[in-house]
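**Student:** mmCIF, C-alpha atoms, file upload16.cif:
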```cif
data_start
loop_
_atom_site.label_atom_id
_atom_site.label_comp_id
_atom_site.auth_asym_id
_atom_site.auth_seq_id
_atom_site.Cartn_x
_atom_site.Cartn_y
_atom_site.Cartn_z
CA MET A 22 145.92 123.72 143.16
CA ILE A 23 145.23 122.01 146.45
CA SER A 24 144.43 118.34 146.00
CA ASP A 25 141.29 116.64 147.27
CA LYS A 26 143.39 114.75 149.80
CA GLU A 27 145.02 117.92 151.12
CA SER A 28 141.79 119.87 151.48
CA GLY A 29 139.59 116.99 152.63
CA VAL A 30 136.78 118.38 150.47
CA LEU A 31 135.71 116.55 147.35
CA PRO A 32 134.78 118.63 144.30
CA PHE A 33 131.13 118.73 143.25
CA TRP A 34 131.60 116.41 140.24
CA LYS A 35 132.71 113.65 142.63
CA THR A 36 129.84 114.11 145.08
CA LYS A 37 126.85 115.04 142.93
CA THR A 38 124.98 113.32 140.16
CA LEU A 39 124.30 115.21 136.95
CA ASP A 40 120.74 115.78 138.15
CA GLU A 41 121.90 117.31 141.45
CA MET A 42 124.16 119.96 139.93
CA THR A 43 123.33 123.64 139.88
CA SER A 44 123.21 125.31 136.47
CA GLU A 45 126.57 126.96 137.23
CA GLU A 46 128.15 123.60 138.10
CA TRP A 47 126.58 122.02 135.01
CA GLU A 48 127.98 124.67 132.67
CA SER A 49 131.43 124.48 134.30
CA LEU A 50 131.62 120.77 133.43
CA CYS A 51 132.12 121.68 129.77
CA ASP A 52 135.88 121.64 129.21
CA GLY A 53 135.64 123.66 125.99
CA CYS A 54 136.98 120.93 123.71
CA ALA A 55 134.12 121.50 121.20
CA ARG A 56 134.15 117.88 120.03
CA CYS A 57 130.38 117.85 120.45
CA CYS A 58 130.19 120.74 117.94
CA LEU A 59 131.47 118.53 115.14
CA ASN A 60 129.01 117.10 112.66
CA LYS A 61 128.45 113.39 112.86
CA LEU A 62 127.05 111.03 110.25
CA GLU A 63 124.77 108.10 111.00
CA ASP A 64 124.60 104.99 108.85
CA TRP A 65 120.90 104.47 108.12
CA ASP A 66 121.27 100.69 107.99
CA THR A 67 123.41 100.05 111.07
CA GLY A 68 122.86 103.17 113.19
CA GLU A 69 126.64 103.53 113.49
CA ILE A 70 127.78 107.09 114.10
CA VAL A 71 130.99 108.42 112.56
CA TRP A 72 132.66 111.72 113.31
CA THR A 73 133.69 114.38 110.82
CA ASP A 74 136.00 117.34 111.25
CA VAL A 75 133.21 119.57 109.94
CA ALA A 76 132.38 122.16 112.58
CA CYS A 77 129.05 123.78 113.31
CA THR A 78 128.55 127.17 111.71
CA LEU A 79 128.47 128.77 115.18
CA LEU A 80 131.75 127.32 116.39
CA ASP A 81 134.54 129.84 116.86
CA SER A 82 137.44 127.61 115.87
CA GLY A 83 140.00 129.69 117.76
CA SER A 84 138.28 129.71 121.13
CA CYS A 85 136.32 126.45 120.66
CA ARG A 86 133.25 128.27 121.94
CA CYS A 87 129.83 128.87 120.43
CA LYS A 88 129.50 132.31 118.84
CA ASP A 89 125.88 132.61 120.04
CA TYR A 90 125.43 130.06 122.83
CA GLU A 91 122.28 131.56 124.32
CA ASN A 92 120.45 131.71 120.95
CA ARG A 93 122.09 128.78 119.15
CA ALA A 94 118.84 126.89 118.52
CA ALA A 95 117.53 129.78 116.43
CA THR A 96 120.45 129.39 114.01
CA VAL A 97 121.04 125.65 114.39
CA PRO A 98 117.64 124.03 115.10
CA ASP A 99 119.16 120.55 115.49
CA CYS A 100 121.70 121.68 118.10
CA ILE A 101 121.35 119.32 121.04
CA GLN A 102 121.30 121.02 124.40
CA LEU A 103 122.94 118.67 126.84
CA THR A 104 120.78 117.75 129.80
CA PRO A 105 121.19 114.89 132.25
CA ASP A 106 118.63 112.89 130.23
CA GLU A 107 120.48 113.58 126.96
CA VAL A 108 123.82 112.62 128.53
CA ARG A 109 122.32 109.29 129.59
CA THR A 110 121.09 108.50 126.07
CA LEU A 111 123.67 109.95 123.66
CA SER A 112 126.05 107.26 122.47
CA TRP A 113 128.40 109.64 120.67
CA LEU A 114 129.68 111.75 123.56
CA PRO A 115 133.48 111.64 123.37
CA PRO A 116 135.27 109.47 125.95
CA THR A 117 136.87 112.64 127.36
CA CYS A 118 133.56 114.46 127.86
CA ALA A 119 133.12 115.50 131.50
CA TYR A 120 129.37 114.92 131.34
CA ARG A 121 129.99 111.35 130.21
CA LEU A 122 132.76 110.84 132.78
CA VAL A 123 130.53 112.00 135.63
CA ARG A 124 127.70 109.79 134.35
CA GLU A 125 130.13 106.85 134.37
CA GLN A 126 131.39 107.84 137.85
CA LYS A 127 134.90 108.52 136.56
CA ASP A 128 137.14 111.45 137.43
CA LEU A 129 137.96 114.37 135.16
CA TYR A 130 141.27 114.41 133.32
CA TRP A 131 144.16 116.67 134.32
CA TRP A 132 143.54 119.06 131.43
CA HIS A 133 139.97 119.86 132.47
CA PRO A 134 139.78 123.51 133.59
CA LEU A 135 138.09 122.49 136.86
CA VAL A 136 141.14 120.36 137.66
CA SER A 137 143.91 122.49 136.14
CA GLY A 138 142.46 125.89 136.95
CA ASP A 139 143.26 127.00 133.40
CA ARG A 140 140.91 127.08 130.37
CA GLU A 141 143.88 126.66 128.03
CA THR A 142 145.02 123.21 129.23
CA VAL A 143 142.37 121.44 127.16
CA HIS A 144 143.97 123.03 124.07
CA ALA A 145 147.56 122.53 125.23
CA ALA A 146 146.82 118.83 125.82
CA GLY A 147 145.54 118.48 122.24
CA ILE A 148 142.05 117.48 123.36
CA SER A 149 140.16 120.32 121.73
CA VAL A 150 139.22 120.73 118.09
CA ARG A 151 141.27 123.94 117.82
CA ASN A 152 142.96 124.12 114.39
CA ARG A 153 141.56 120.70 113.40
CA THR A 154 138.25 121.58 111.72
CA VAL A 155 136.66 122.89 108.57
CA SER A 156 133.47 124.93 108.62
CA GLU A 157 130.17 123.55 107.44
CA ASP A 158 129.41 126.92 105.83
CA GLY A 159 128.91 126.40 102.11
CA MET A 160 129.64 122.67 102.29
CA GLN A 161 127.22 120.24 100.68
CA LEU A 162 126.00 117.44 102.93
CA GLU A 163 127.28 114.80 100.53
CA ASP A 164 130.80 116.25 100.96
CA TYR A 165 130.80 115.48 104.69
CA GLU A 166 131.81 111.90 103.86
CA ASN A 167 135.16 113.30 102.66
CA HIS A 168 135.78 114.62 106.17
CA VAL A 169 135.26 111.49 108.27
CA VAL A 170 137.80 111.28 111.12
CA SER A 171 138.16 109.02 114.14
CA TRP A 172 140.06 111.20 116.65
CA PRO A 173 137.03 112.92 118.27
CA GLY A 174 135.67 109.58 119.44
CA GLU A 175 138.98 108.29 120.74
CA LEU A 176 140.76 108.72 124.02
CA PRO A 177 144.05 110.54 123.37
CA VAL A 178 147.25 108.62 124.11
CA GLU A 179 148.28 111.30 126.63
CA ALA A 180 145.19 110.57 128.72
#
```
Please lay out the structure from this file as structure tokens.

**Tutor:**
Amino acid sequence: MISDKESGVLPFWKTKTLDEMTSEEWESLCDGCARCCLNKLEDWDTGEIVWTDVACTLLDSGSCRCKDYENRAATVPDCIQLTPDEVRTLSWLPPTCAYRLVREQKDLYWWHPLVSGDRETVHAAGISVRNRTVSEDGMQLEDYENHVVSWPGELPVEA
């Protein structure tokens, strides 16, 4: 790929706010890691959020994509559709999340498909949830505590 310095043109995520992006630009910010598709638990007393490796019923664990993205709210009513307002208020977005990075005026990582030009680099870099999850299908809510993990909320060493 031609670098920003070589082309003299900055990519949209460096020049636009989340609110200024077109819907196509907005959707392209998702790197396909699927960390946001993992169930999280909130401590009622402290408000602390912990991650689990329990994946949403609609997550295709091989592709790290939603099986029914357009109609996901019909199957998963508590699915949060990311909007600029949501991105500004959600405390649990992973540190690698492009929406969070743009909000914080940081650049995207090398593995992001918009940087690498390849949708597979997010998986090759070990950022995605591919092969790291269990399905929520048939699991009792009280069993989620047995699946608490920290890696989705951490910045990988390779970053």

**Student:** Can I get the residues of region 115-180 of chain A within 12 Å of region 29-32 of chain A, each with the closest pair of atoms and their distance in Å to one decimal, using all atoms listed in the file, sorted chain first then ascending number, as a tab-separated table?

**Tutor:**
```
residue	atom	partner	partner_atom	distance
A:Val123	CA	A:Pro32	CA	11.7
A:Asp128	CA	A:Pro32	CA	10.2
A:Leu129	CA	A:Pro32	CA	10.6
A:Leu135	CA	A:Pro32	CA	9.0
A:Val136	CA	A:Pro32	CA	9.4
```

**Student:** Check which residues of region 59-146 of chain A sit at most 9 Å from region 156-173 of chain A using only C-alpha atoms, and return one row each with the closest pair of atoms and their distance in Å to one decimal, ordered by chain and rising number, as JSON lines.

**Tutor:**
```
{"residue": "A:Leu59", "atom": "CA", "partner": "A:Pro173", "partner_atom": "CA", "distance": 8.5}
{"residue": "A:Asn60", "atom": "CA", "partner": "A:Tyr165", "partner_atom": "CA", "distance": 8.3}
{"residue": "A:Lys61", "atom": "CA", "partner": "A:Val169", "partner_atom": "CA", "distance": 8.4}
{"residue": "A:Leu62", "atom": "CA", "partner": "A:Glu166", "partner_atom": "CA", "distance": 8.0}
{"residue": "A:Val71", "atom": "CA", "partner": "A:Val169", "partner_atom": "CA", "distance": 6.8}
{"residue": "A:Trp72", "atom": "CA", "partner": "A:Val170", "partner_atom": "CA", "distance": 5.6}
{"residue": "A:Thr73", "atom": "CA", "partner": "A:Val169", "partner_atom": "CA", "distance": 4.2}
{"residue": "A:Asp74", "atom": "CA", "partner": "A:His168", "partner_atom": "CA", "distance": 5.8}
{"residue": "A:Val75", "atom": "CA", "partner": "A:Ser156", "partner_atom": "CA", "distance": 5.5}
{"residue": "A:Ala76", "atom": "CA", "partner": "A:Ser156", "partner_atom": "CA", "distance": 5.0}
{"residue": "A:Cys77", "atom": "CA", "partner": "A:Glu157", "partner_atom": "CA", "distance": 6.0}
{"residue": "A:Thr78", "atom": "CA", "partner": "A:Glu157", "partner_atom": "CA", "distance": 5.8}
{"residue": "A:Leu80", "atom": "CA", "partner": "A:Ser156", "partner_atom": "CA", "distance": 8.3}
{"residue": "A:Ser82", "atom": "CA", "partner": "A:Ser156", "partner_atom": "CA", "distance": 8.7}
{"residue": "A:Pro115", "atom": "CA", "partner": "A:Pro173", "partner_atom": "CA", "distance": 6.3}
{"residue": "A:Pro116", "atom": "CA", "partner": "A:Pro173", "partner_atom": "CA", "distance": 8.6}
```

**Student:** For the structure provided, state which residues fall under the PyMOL selection byres ((chain A and resi 177) around 12), and present them as a PDB file with C-alpha atoms, in the coordinates of the input.

**Tutor:**
```pdb
ATOM      1  CA  PRO A 115     133.480 111.640 123.370  1.00  0.00           C
ATOM      2  CA  PRO A 116     135.270 109.470 125.950  1.00  0.00           C
ATOM      3  CA  THR A 117     136.870 112.640 127.360  1.00  0.00           C
ATOM      4  CA  TYR A 130     141.270 114.410 133.320  1.00  0.00           C
ATOM      5  CA  TRP A 132     143.540 119.060 131.430  1.00  0.00           C
ATOM      6  CA  VAL A 143     142.370 121.440 127.160  1.00  0.00           C
ATOM      7  CA  ALA A 146     146.820 118.830 125.820  1.00  0.00           C
ATOM      8  CA  GLY A 147     145.540 118.480 122.240  1.00  0.00           C
ATOM      9  CA  ILE A 148     142.050 117.480 123.360  1.00  0.00           C
ATOM     10  CA  SER A 149     140.160 120.320 121.730  1.00  0.00           C
ATOM     11  CA  SER A 171     138.160 109.020 114.140  1.00  0.00           C
ATOM     12  CA  TRP A 172     140.060 111.200 116.650  1.00  0.00           C
ATOM     13  CA  PRO A 173     137.030 112.920 118.270  1.00  0.00           C
ATOM     14  CA  GLY A 174     135.670 109.580 119.440  1.00  0.00           C
ATOM     15  CA  GLU A 175     138.980 108.290 120.740  1.00  0.00           C
ATOM     16  CA  LEU A 176     140.760 108.720 124.020  1.00  0.00           C
ATOM     17  CA  VAL A 178     147.250 108.620 124.110  1.00  0.00           C
ATOM     18  CA  GLU A 179     148.280 111.300 126.630  1.00  0.00           C
ATOM     19  CA  ALA A 180     145.190 110.570 128.720  1.00  0.00           C
TER      20      ALA A 180
END
```

**Student:** Could you spell out the hits of the PyMOL selection byres ((chain A and resi 48-54) around 8) on the shown file, as a list in words?

**Tutor:**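 This file gives the following for the PyMOL selection byres ((chain A and resi 48-54) around 8): Ser44, Glu45, Glu46, Trp47, Ala55, Arg56, Cys57, Cys85, Arg86, Cys118, Ala119, Tyr120, His133, Pro134, Leu135, Arg140, Val143, His144, Ile148, Ser149, Val150 and Arg151 of chain A.
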
**Student:** Could the centre and edge lengths of an axis-aligned box, enclosing all atoms of region 63-82 of chain A in the file with 6 Å extra on each side, be given in Å to one decimal as AutoDock Vina command-line options?

**Tutor:**
```
--center_x 129.2 --center_y 114.9 --center_z 112.4 --size_x 28.5 --size_y 41.8 --size_z 20.9
```

**Student:** Separation of CA of Phe33 (chain A) and CA of Gly83 (chain A), in Å?

**Tutor:**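 For CA of Phe33 (chain A) relative to CA of Gly83 (chain A), the distance reads 29.1 Å.
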
**Student:** Find the residues with any atom within 9 Å of (125.0, 124.8, 119.3); use only C-alpha atoms and the coordinates as given in the file, and write the answer as number ranges by chain.

**Tutor:** A: 57-58, 77-80, 87-94, 96-102

**Student:** For Thr104 (chain A), which residue out of A:Trp65, A:Arg124, A:Thr36, A:Thr142 is the nearest one, using all atoms listed in the file?

**Tutor:**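 Nearest candidate to Thr104 (chain A) out of A:Trp65, A:Arg124, A:Thr36, A:Thr142: A:Arg124.
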